[in-house]
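J.: My file is start19.pdb. It has PDB, C-alpha atoms and all ligand atoms:
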```pdb
MODEL        1
ATOM      1  CA  MET V 185     111.879 109.479  75.837
ATOM      2  CA  ALA V 186     110.647 106.032  74.685
ATOM      3  CA  LYS V 187     107.471 106.137  72.598
ATOM      4  CA  LEU V 188     104.150 105.551  74.366
ATOM      5  CA  ILE V 189     102.745 103.101  71.842
ATOM      6  CA  GLY V 190     103.869 101.570  68.574
ATOM      7  CA  TYR V 191     101.410 102.885  66.023
ATOM      8  CA  VAL V 192     100.903 102.119  62.379
ATOM      9  CA  GLY V 193     101.956 105.180  60.381
ATOM     10  CA  SER V 194     103.887 106.652  63.324
ATOM     11  CA  LYS V 195     106.163 109.497  62.365
ATOM     12  CA  GLU V 196     108.870 108.302  64.735
ATOM     13  CA  LYS V 197     111.368 107.489  61.980
ATOM     14  CA  LEU V 198     110.949 110.812  60.225
ATOM     15  CA  LEU V 199     111.227 113.060  63.272
ATOM     16  CA  SER V 200     114.591 114.520  62.304
ATOM     17  CA  VAL V 201     113.255 115.515  58.859
ATOM     18  CA  ILE V 202     110.039 116.926  60.335
ATOM     19  CA  GLU V 203     111.973 118.987  62.890
ATOM     20  CA  ASP V 204     113.552 120.971  60.061
ATOM     21  CA  TYR V 205     110.103 122.253  59.148
ATOM     22  CA  ILE V 206     109.144 123.520  62.594
ATOM     23  CA  PRO V 207     109.848 127.283  62.684
ATOM     24  CA  VAL V 208     112.302 128.289  65.442
ATOM     25  CA  ASN V 209     109.844 130.563  67.213
ATOM     26  CA  THR V 210     107.174 127.863  67.484
ATOM     27  CA  SER V 211     105.534 127.761  70.894
ATOM     28  CA  ILE V 212     102.479 125.703  69.962
ATOM     29  CA  ILE V 213     102.176 122.519  67.930
ATOM     30  CA  TYR V 214      98.764 121.336  66.852
ATOM     31  CA  GLU V 215      98.496 117.744  65.570
ATOM     32  CA  CYS V 216      95.046 117.318  64.072
ATOM     33  CA  PHE V 217      95.597 113.641  63.101
ATOM     34  CA  CYS V 218      97.636 112.889  66.198
ATOM     35  CA  GLY V 219      97.722 109.063  66.344
ATOM     36  CA  SER V 220     100.503 108.287  68.821
ATOM     37  CA  ALA V 221     101.450 112.004  68.928
ATOM     38  CA  ALA V 222     105.021 111.110  68.000
ATOM     39  CA  VAL V 223     105.826 114.630  66.805
ATOM     40  CA  SER V 224     104.462 116.620  69.764
ATOM     41  CA  LEU V 225     105.842 114.214  72.354
ATOM     42  CA  SER V 226     109.316 114.516  70.836
ATOM     43  CA  GLN V 227     109.379 118.307  70.922
ATOM     44  CA  ASP V 228     110.197 120.655  73.712
ATOM     45  CA  VAL V 229     107.542 123.254  72.981
ATOM     46  CA  SER V 230     105.583 125.013  75.690
ATOM     47  CA  LYS V 231     102.178 123.821  74.475
ATOM     48  CA  TYR V 232     100.600 121.358  72.165
ATOM     49  CA  TYR V 233      97.112 120.298  71.201
ATOM     50  CA  LEU V 234      96.248 116.792  70.079
ATOM     51  CA  ALA V 235      93.208 115.705  68.093
ATOM     52  CA  ASP V 236      92.048 112.575  66.307
ATOM     53  CA  SER V 237      88.701 111.108  65.307
ATOM     54  CA  GLN V 238      89.354 107.710  66.961
ATOM     55  CA  PRO V 239      87.456 107.762  70.290
ATOM     56  CA  GLU V 240      89.418 104.923  71.958
ATOM     57  CA  LEU V 241      92.763 106.528  71.126
ATOM     58  CA  ILE V 242      91.635 109.895  72.493
ATOM     59  CA  ASN V 243      90.227 108.286  75.640
ATOM     60  CA  PHE V 244      93.547 106.445  76.119
ATOM     61  CA  LEU V 245      95.630 109.638  75.773
ATOM     62  CA  GLY V 246      93.346 111.510  78.181
ATOM     63  CA  CYS V 247      93.540 108.708  80.774
ATOM     64  CA  VAL V 248      97.347 108.557  80.486
ATOM     65  CA  ARG V 249      97.509 112.297  81.098
ATOM     66  CA  ASP V 250      95.041 112.366  83.987
ATOM     67  CA  ASN V 251      95.821 109.227  85.963
ATOM     68  CA  PRO V 252      98.713 107.045  84.756
ATOM     69  CA  ASP V 253      98.530 104.845  87.865
ATOM     70  CA  ALA V 254      94.935 103.901  87.086
ATOM     71  CA  VAL V 255      95.895 102.993  83.488
ATOM     72  CA  ILE V 256      98.871 100.961  84.738
ATOM     73  CA  SER V 257      96.833  99.034  87.282
ATOM     74  CA  ARG V 258      94.093  98.182  84.737
ATOM     75  CA  VAL V 259      96.719  97.014  82.193
ATOM     76  CA  GLN V 260      98.435  94.977  84.909
ATOM     77  CA  GLU V 261      95.123  93.269  85.731
ATOM     78  CA  LEU V 262      94.913  92.181  82.070
ATOM     79  CA  LEU V 263      98.529  91.018  81.929
ATOM     80  CA  ASP V 264      98.010  89.007  85.122
ATOM     81  CA  GLN V 265      95.471  86.927  83.202
ATOM     82  CA  GLY V 266      98.218  86.029  80.671
ATOM     83  CA  VAL V 267      98.349  87.347  77.094
ATOM     84  CA  SER V 268      96.309  84.998  74.899
ATOM     85  CA  GLU V 269      94.171  85.090  71.795
ATOM     86  CA  GLU V 270      91.161  84.285  73.967
ATOM     87  CA  LEU V 271      91.666  87.349  76.168
ATOM     88  CA  TYR V 272      92.427  89.502  73.112
ATOM     89  CA  MET V 273      89.190  88.461  71.406
ATOM     90  CA  ALA V 274      87.171  88.890  74.603
ATOM     91  CA  LEU V 275      88.458  92.472  74.870
ATOM     92  CA  ARG V 276      87.996  93.159  71.178
ATOM     93  CA  VAL V 277      84.266  92.330  71.218
ATOM     94  CA  GLN V 278      83.531  94.585  74.199
ATOM     95  CA  ASP V 279      82.750  97.499  71.883
ATOM     96  CA  ARG V 280      79.851  95.473  70.394
ATOM     97  CA  LYS V 281      78.094  95.551  73.745
ATOM     98  CA  GLU V 282      75.412  98.048  74.649
ATOM     99  CA  GLY V 283      76.757 100.802  76.927
ATOM    100  CA  PHE V 284      80.454 100.230  76.062
ATOM    101  CA  LEU V 285      81.111 103.962  75.884
ATOM    102  CA  ARG V 286      79.735 104.361  79.400
ATOM    103  CA  THR V 287      82.093 101.770  80.918
ATOM    104  CA  ASP V 288      85.005 102.847  83.112
ATOM    105  CA  LEU V 289      87.341 105.101  81.067
ATOM    106  CA  TYR V 290      90.463 103.470  82.483
ATOM    107  CA  SER V 291      89.320  99.956  81.614
ATOM    108  CA  ARG V 292      88.667 101.185  78.076
ATOM    109  CA  ALA V 293      92.153 102.732  78.017
ATOM    110  CA  ALA V 294      93.734  99.444  79.169
ATOM    111  CA  ARG V 295      91.742  97.552  76.533
ATOM    112  CA  TYR V 296      93.011  99.946  73.850
ATOM    113  CA  PHE V 297      96.624  99.585  75.029
ATOM    114  CA  PHE V 298      96.328  95.785  75.083
ATOM    115  CA  ILE V 299      94.863  95.637  71.563
ATOM    116  CA  VAL V 300      97.380  98.052  70.022
ATOM    117  CA  ASN V 301     100.240  96.090  71.542
ATOM    118  CA  ASN V 302      98.979  92.618  70.650
ATOM    119  CA  GLY V 303      97.093  93.237  67.424
ATOM    120  CA  TYR V 304      98.323  92.925  63.854
ATOM    121  CA  ASN V 305     100.637  95.745  62.819
ATOM    122  CA  ASN V 306      99.991  97.862  65.970
ATOM    123  CA  LEU V 307      96.768  98.857  64.352
ATOM    124  CA  TYR V 308      93.456  99.711  66.008
ATOM    125  CA  ARG V 309      91.347  99.209  62.916
ATOM    126  CA  VAL V 310      87.576  99.535  62.963
ATOM    127  CA  ASN V 311      84.718  98.405  60.745
ATOM    128  CA  GLY V 312      81.943 100.552  59.297
ATOM    129  CA  LYS V 313      80.194 100.585  62.697
ATOM    130  CA  GLY V 314      83.323 101.834  64.466
ATOM    131  CA  GLN V 315      83.948  98.409  66.079
ATOM    132  CA  CYS V 316      87.486  97.118  66.390
ATOM    133  CA  ASN V 317      88.373  94.320  63.995
ATOM    134  CA  THR V 318      92.187  94.147  64.183
ATOM    135  CA  PRO V 319      93.322  90.509  63.993
ATOM    136  CA  TYR V 320      95.351  89.078  66.878
ATOM    137  CA  ALA V 321      99.091  89.087  66.063
ATOM    138  CA  LYS V 322      99.405  85.476  67.293
ATOM    139  CA  GLY V 323     101.939  86.296  69.971
ATOM    140  CA  LYS V 324     104.268  88.022  67.472
ATOM    141  CA  LYS V 325     103.862  91.405  69.162
ATOM    142  CA  LYS V 326     104.374  92.059  72.809
ATOM    143  CA  ILE V 327     104.131  94.859  75.284
ATOM    144  CA  PRO V 328     107.594  96.375  75.808
ATOM    145  CA  ASN V 329     109.199  95.614  79.209
ATOM    146  CA  ASP V 330     109.327  99.285  80.169
ATOM    147  CA  TRP V 331     105.632  99.936  79.426
ATOM    148  CA  LYS V 332     104.957 101.352  82.909
ATOM    149  CA  GLU V 333     107.771 103.904  82.611
ATOM    150  CA  ARG V 334     106.542 104.873  79.151
ATOM    151  CA  ILE V 335     103.059 105.573  80.492
ATOM    152  CA  THR V 336     104.371 107.508  83.502
ATOM    153  CA  GLU V 337     106.832 109.611  81.490
ATOM    154  CA  THR V 338     104.265 110.399  78.808
ATOM    155  CA  SER V 339     101.751 111.344  81.463
ATOM    156  CA  GLU V 340     104.152 113.876  82.988
ATOM    157  CA  LYS V 341     104.831 115.346  79.582
ATOM    158  CA  LEU V 342     101.153 115.567  78.658
ATOM    159  CA  ALA V 343     100.221 117.081  82.029
ATOM    160  CA  ARG V 344     102.942 119.722  81.601
ATOM    161  CA  ASN V 345     102.582 120.698  77.947
ATOM    162  CA  CYS V 346      99.390 119.382  76.452
ATOM    163  CA  ASN V 347      96.666 122.011  76.478
ATOM    164  CA  GLY V 348      93.935 119.910  74.965
ATOM    165  CA  ILE V 349      93.136 116.435  73.665
ATOM    166  CA  PHE V 350      90.143 116.383  71.342
ATOM    167  CA  GLU V 351      88.061 113.689  69.728
ATOM    168  CA  GLN V 352      87.020 115.449  66.578
ATOM    169  CA  GLN V 353      87.215 115.737  62.830
ATOM    170  CA  PHE V 354      90.501 117.337  61.734
ATOM    171  CA  ASP V 355      88.845 120.465  60.391
ATOM    172  CA  ASN V 356      86.966 121.412  63.551
ATOM    173  CA  LYS V 357      86.970 125.214  63.449
ATOM    174  CA  GLU V 358      86.506 125.954  67.170
ATOM    175  CA  VAL V 359      89.575 123.983  68.181
ATOM    176  CA  LEU V 360      91.677 125.634  65.488
ATOM    177  CA  GLN V 361      90.470 129.024  66.761
ATOM    178  CA  ALA V 362      91.380 128.068  70.351
ATOM    179  CA  VAL V 363      94.884 127.191  69.131
ATOM    180  CA  ILE V 364      95.205 130.522  67.315
ATOM    181  CA  ASP V 365      93.891 132.445  70.334
ATOM    182  CA  SER V 366      96.355 130.819  72.724
ATOM    183  CA  GLN V 367      99.314 131.827  70.577
ATOM    184  CA  PRO V 368     101.537 134.352  72.393
ATOM    185  CA  GLU V 369     102.272 137.608  70.564
ATOM    186  CA  GLY V 370     105.195 137.256  68.125
ATOM    187  CA  GLN V 371     105.246 133.472  68.336
ATOM    188  CA  THR V 372     104.036 130.840  65.974
ATOM    189  CA  ALA V 373     101.610 127.955  66.074
ATOM    190  CA  PHE V 374     102.625 125.128  63.783
ATOM    191  CA  VAL V 375     100.071 122.646  62.482
ATOM    192  CA  PHE V 376     101.273 119.140  61.730
ATOM    193  CA  ILE V 377      98.882 117.234  59.482
ATOM    194  CA  ASP V 378      99.371 113.492  59.084
ATOM    195  CA  PRO V 379      96.190 112.091  57.540
ATOM    196  CA  PRO V 380      95.786 108.464  56.501
ATOM    197  CA  TYR V 381      97.818 107.931  53.389
ATOM    198  CA  TYR V 382      96.220 108.117  50.010
ATOM    199  CA  GLY V 383      94.962 104.605  49.280
ATOM    200  CA  THR V 384      95.077 103.380  52.922
ATOM    201  CA  TYR V 385      92.375 105.470  54.529
ATOM    202  CA  ASP V 386      90.203 102.688  55.882
ATOM    203  CA  GLN V 387      93.010 101.353  58.073
ATOM    204  CA  TYR V 388      91.939 103.431  61.032
ATOM    205  CA  THR V 389      88.408 104.671  60.954
ATOM    206  CA  LYS V 390      84.944 103.928  59.818
ATOM    207  CA  GLU V 391      85.061 106.834  57.373
ATOM    208  CA  ARG V 392      86.208 105.880  53.898
ATOM    209  CA  THR V 393      88.552 107.766  51.642
ATOM    210  CA  SER V 394      86.719 109.902  49.165
ATOM    211  CA  GLU V 395      87.140 112.858  46.876
ATOM    212  CA  GLU V 396      85.258 114.813  49.515
ATOM    213  CA  PHE V 397      87.857 114.004  52.194
ATOM    214  CA  TRP V 398      90.742 115.278  50.062
ATOM    215  CA  GLU V 399      88.735 118.343  49.124
ATOM    216  CA  ARG V 400      88.111 119.071  52.834
ATOM    217  CA  LEU V 401      91.830 118.728  53.450
ATOM    218  CA  TYR V 402      92.589 121.088  50.590
ATOM    219  CA  GLN V 403      90.154 123.613  52.058
ATOM    220  CA  TYR V 404      91.722 123.183  55.490
ATOM    221  CA  LEU V 405      95.195 123.972  54.109
ATOM    222  CA  GLU V 406      93.763 126.996  52.319
ATOM    223  CA  ASP V 407      92.268 128.254  55.603
ATOM    224  CA  LEU V 408      95.550 127.771  57.479
ATOM    225  CA  ASP V 409      97.400 129.557  54.720
ATOM    226  CA  GLU V 410      94.987 132.493  54.769
ATOM    227  CA  ALA V 411      95.363 132.740  58.558
ATOM    228  CA  GLY V 412      99.176 132.803  58.095
ATOM    229  CA  ILE V 413      99.681 129.582  60.084
ATOM    230  CA  PRO V 414     102.645 127.453  59.021
ATOM    231  CA  PHE V 415     101.839 123.799  58.355
ATOM    232  CA  LEU V 416     103.430 120.586  57.245
ATOM    233  CA  MET V 417     101.338 117.803  55.788
ATOM    234  CA  THR V 418     102.763 114.365  55.024
ATOM    235  CA  ASN V 419     101.294 111.840  52.627
ATOM    236  CA  SER V 420     102.083 109.349  49.898
ATOM    237  CA  TYR V 421     104.212 110.656  47.057
ATOM    238  CA  HIS V 422     101.395 109.887  44.669
ATOM    239  CA  GLU V 423     100.302 111.625  41.509
ATOM    240  CA  PHE V 424      96.901 112.398  43.000
ATOM    241  CA  ILE V 425      98.438 114.101  46.052
ATOM    242  CA  LEU V 426     101.019 115.989  43.985
ATOM    243  CA  GLU V 427      98.290 117.347  41.763
ATOM    244  CA  LYS V 428      95.732 118.106  44.476
ATOM    245  CA  PHE V 429      98.179 119.952  46.764
ATOM    246  CA  GLY V 430     100.549 121.181  44.044
ATOM    247  CA  LYS V 431     100.049 124.872  44.891
ATOM    248  CA  TRP V 432     102.187 124.400  48.039
ATOM    249  CA  ASN V 433     105.835 123.385  48.328
ATOM    250  CA  ILE V 434     106.264 119.641  47.996
ATOM    251  CA  THR V 435     109.444 117.696  48.764
ATOM    252  CA  GLU V 436     109.960 114.009  48.049
ATOM    253  CA  VAL V 437     111.286 112.243  51.152
ATOM    254  CA  PRO V 438     112.560 108.649  50.745
ATOM    255  CA  VAL V 439     111.460 106.281  53.498
ATOM    256  CA  LYS V 440     111.647 102.567  54.397
ATOM    257  CA  TYR V 441     108.597 100.893  55.918
ATOM    258  CA  THR V 442     108.052  97.587  57.624
ATOM    259  CA  VAL V 443     104.936  96.019  56.174
ATOM    260  CA  ALA V 444     104.692  92.500  57.647
ATOM    261  CA  ALA V 445     103.243  91.996  61.139
ATOM    262  CA  ASP V 446     106.442  90.239  62.238
ATOM    263  CA  GLY V 447     108.622  93.021  60.817
ATOM    264  CA  SER V 448     110.176  90.738  58.195
ATOM    265  CA  LYS V 449     109.195  92.650  55.051
ATOM    266  CA  ARG V 450     110.408  96.149  54.278
ATOM    267  CA  VAL V 451     109.529  98.369  51.382
ATOM    268  CA  LYS V 452     111.215 101.497  50.108
ATOM    269  CA  THR V 453     108.896 104.276  49.144
ATOM    270  CA  SER V 454     108.642 108.060  49.149
ATOM    271  CA  GLU V 455     106.548 110.480  51.124
ATOM    272  CA  ALA V 456     105.392 113.895  50.053
ATOM    273  CA  PHE V 457     106.097 116.693  52.554
ATOM    274  CA  ILE V 458     103.689 119.509  51.730
ATOM    275  CA  THR V 459     104.163 122.885  53.367
ATOM    276  CA  ASN V 460     103.352 126.568  53.047
ATOM    277  CA  LEU V 461     106.796 127.403  54.428
ATOM    278  CA  SER V 462     109.470 128.323  51.909
ATOM    279  CA  LYS V 463     111.577 125.182  51.539
TER     280      LYS V 463
HETATM  281  C1  LIG J   1      98.880 108.348  59.861
HETATM  282  S1  LIG J   1      97.983 108.287  61.375
HETATM  283  C2  LIG J   1      98.762 109.504  62.325
HETATM  284  C3  LIG J   1     100.056 108.991  62.919
HETATM  285  C4  LIG J   1     100.742 109.965  63.861
HETATM  286  N1  LIG J   1     101.306 111.109  63.174
HETATM  287  C5  LIG J   1     101.834 109.281  64.657
HETATM  288  O1  LIG J   1     103.006 109.676  64.575
HETATM  289  O2  LIG J   1     101.511 108.310  65.368
HETATM  290  C6  LIG J   1      96.457 109.025  60.915
HETATM  291  C7  LIG J   1      95.478 109.269  62.069
HETATM  292  O3  LIG J   1      94.355 109.992  61.522
HETATM  293  C8  LIG J   1      93.182 109.645  62.258
HETATM  294  N2  LIG J   1      92.028 110.064  61.421
HETATM  295  C9  LIG J   1      91.518 109.447  60.339
HETATM  296  N3  LIG J   1      90.527 110.181  59.793
HETATM  297  C10 LIG J   1      90.401 111.311  60.542
HETATM  298  C11 LIG J   1      89.569 112.474  60.477
HETATM  299  N4  LIG J   1      88.649 112.600  59.515
HETATM  300  N5  LIG J   1      89.734 113.470  61.381
HETATM  301  C12 LIG J   1      90.673 113.325  62.370
HETATM  302  N6  LIG J   1      91.496 112.234  62.502
HETATM  303  C13 LIG J   1      91.366 111.245  61.592
HETATM  304  C14 LIG J   1      93.353 108.150  62.494
HETATM  305  O4  LIG J   1      92.611 107.735  63.619
HETATM  306  C15 LIG J   1      94.883 108.034  62.716
HETATM  307  O5  LIG J   1      95.208 108.053  64.084
ENDMDL
END
```
Please express the file's structure as structure tokens.
T.:
Amino acid sequence: MAKLIGYVGSKEKLLSVIEDYIPVNTSIIYECFCGSAAVSLSQDVSKYYLADSQPELINFLGCVRDNPDAVISRVQELLDQGVSEELYMALRVQDRKEGFLRTDLYSRAARYFFIVNNGYNNLYRVNGKGQCNTPYAKGKKKIPNDWKERITETSEKLARNCNGIFEQQFDNKEVLQAVIDSQPEGQTAFVFIDPPYYGTYDQYTKERTSEEFWERLYQYLEDLDEAGIPFLMTNSYHEFILEKFGKWNITEVPVKYTVAADGSKRVKTSEAFITNLSK
């Protein structure tokens, strides 16, 4: 299935490596930093739960699941106006207006889709007030031709297998409990944890990277471990990460990333795959 949206930090290219970590008897996947949900959407599991702290992303995923035709018609209305920097900027500033969160959910979803597809680096970046500030990609990005099919196919998949889409902090305890409780006897829930990479945290959200964030993540992994829930966390292969999460199994995974908005620059780097599974 073609991906729903291009997304900075998407795990699309590492899916085959990630798959090796998903235990065979997994019936539930929980992505608590879901982004474009690349991992869940690529798997044929009976259930998955998606969560992220970005409200516009979560609204978009919910709208795609509930009414793909409404999302498609709102996006089409935007495309009919012609993709331009003027339209992009007019959409971008909407979240500065009073009552934005009370506007039609599907128009917000179409706005999100338009920005992610036409903004720099497929990034929906926000400032300290949670307002989008991604620069326009100056026509270098464009919505893929099969965007309608992508929305429709993803919608069918979400409607069939996605048990919940939550706007929340990753370590929300009630949602984790709901995941654990919905686990059939003898089967496993697998938690995939893909937080912003060490050193790049402010790309997505108004929260800033801090010692406290990494400590919360450490505590979260401890809790999963104590509850016997298998997890895989991915992050930069950085000294800080290796030290902080060194009590679990860490594998260095080489990866190539595109860094320029027009895809012209690539860097080779390594990711750390951190798991409580024996690897
Ligand atoms: C590296 S991206 C995830 C990419 C995703 N795995 C994919 O394949 O598209 C990290 C995500 O974490 C979200 N995020 C950042 N801080 C968060 C927090 N404190 N709690 C939950 N989600 C958070 C961001 O909105 C972003 O979507």
J.: For segment 308-379 of chain V versus segment 191-214 of chain V, which residues have an atom no more than 9 Å away, and what is each residue's nearest atom pair and distance in Å rounded to one decimal, using all atoms listed in the file, chain-then-number order, as CSV?
T.:
```
residue,atom,partner,partner_atom,distance
V:Tyr308,CA,V:Tyr191,CA,8.6
V:Leu360,CA,V:Tyr214,CA,8.4
V:Val363,CA,V:Tyr214,CA,7.4
V:Ser366,CA,V:Ile212,CA,8.4
V:Gln367,CA,V:Ile212,CA,6.9
V:Pro368,CA,V:Ser211,CA,7.9
V:Gly370,CA,V:Asn209,CA,8.2
V:Gln371,CA,V:Asn209,CA,5.6
V:Thr372,CA,V:Thr210,CA,4.6
V:Ala373,CA,V:Ile212,CA,4.6
V:Phe374,CA,V:Ile213,CA,4.9
V:Val375,CA,V:Tyr214,CA,4.7
V:Phe376,CA,V:Tyr214,CA,6.1
V:Ile377,CA,V:Tyr214,CA,8.4
V:Asp378,CA,V:Lys195,CA,8.5
```
J.: Looking at all atoms listed in the file, which of V:Ala294, V:Leu408, V:Val451, V:Leu285 is the one that sits closest to Trp331 of chain V?
T.: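 Answer, going by the shortest atom-to-atom distance: V:Ala294.
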J.: Please extract the residues at most 7 Å from ligand LIG 1 (chain J), counting all atoms listed in the file, and provide them as a list in words, using the chain letters and residue numbers of this document.
T.: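 The residues within 7 Å of ligand LIG 1 (chain J), counting all atoms listed in the file, are Tyr191, Val192, Gly193, Ser194, Lys195, Glu196, Cys216, Phe217, Cys218, Gly219, Ser220, Ala221, Ala222, Val223, Ala235, Asp236, Ser237, Gln238, Gln352, Gln353, Phe354, Asp378, Pro379, Pro380, Tyr381, Tyr388, Thr389 and Glu391 of chain V.
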J.: Neighbours of Tyr290 of chain V within 8 Å (only C-alpha atoms; same-chain residues fewer than 6 positions away dropped), as a ChimeraX atom specification?
T.: /V:244,247,254-255,258
J.: Next, the residues of the selection above should be written as a PDB file, in the frame of the given file with C-alpha atoms.
T.:
```pdb
ATOM      1  CA  PHE V 244      93.547 106.445  76.119  1.00  0.00           C
ATOM      2  CA  CYS V 247      93.540 108.708  80.774  1.00  0.00           C
ATOM      3  CA  ALA V 254      94.935 103.901  87.086  1.00  0.00           C
ATOM      4  CA  VAL V 255      95.895 102.993  83.488  1.00  0.00           C
ATOM      5  CA  ARG V 258      94.093  98.182  84.737  1.00  0.00           C
TER       6      ARG V 258
END
```
J.: Kindly give the distance, in Å, that separates atom CA of Val248 of chain V and atom CA of Arg276 of chain V, rounded to a single decimal.
T.: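 Between atom CA of Val248 of chain V and atom CA of Arg276 of chain V the gap is 20.3 Å.
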J.: Counting all atoms listed in the file, which residue out of V:Gly246, V:Gly312, V:Pro252, V:Gly266 sits closest to Ile327 of chain V?
T.: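 The shortest atom-to-atom distance to Ile327 of chain V comes from V:Gly266.
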J.: Applying the PyMOL selection byres (((chain V and resi 262) around 12) and not hetatm) to the file I just gave you, which residues come out? Please list them as a PyMOL selection string.
T.: chain V and resi 255-261+263-268+270-272+274-275+291-299+327
J.: Exactly which residues make up the result of the PyMOL selection byres (((chain V and resi 403-406) around 12) and not hetatm) on this file, given as a PyMOL selection string?
T.: chain V and resi 216+353-357+360+375-377+396-402+407-417+428-432+458-460
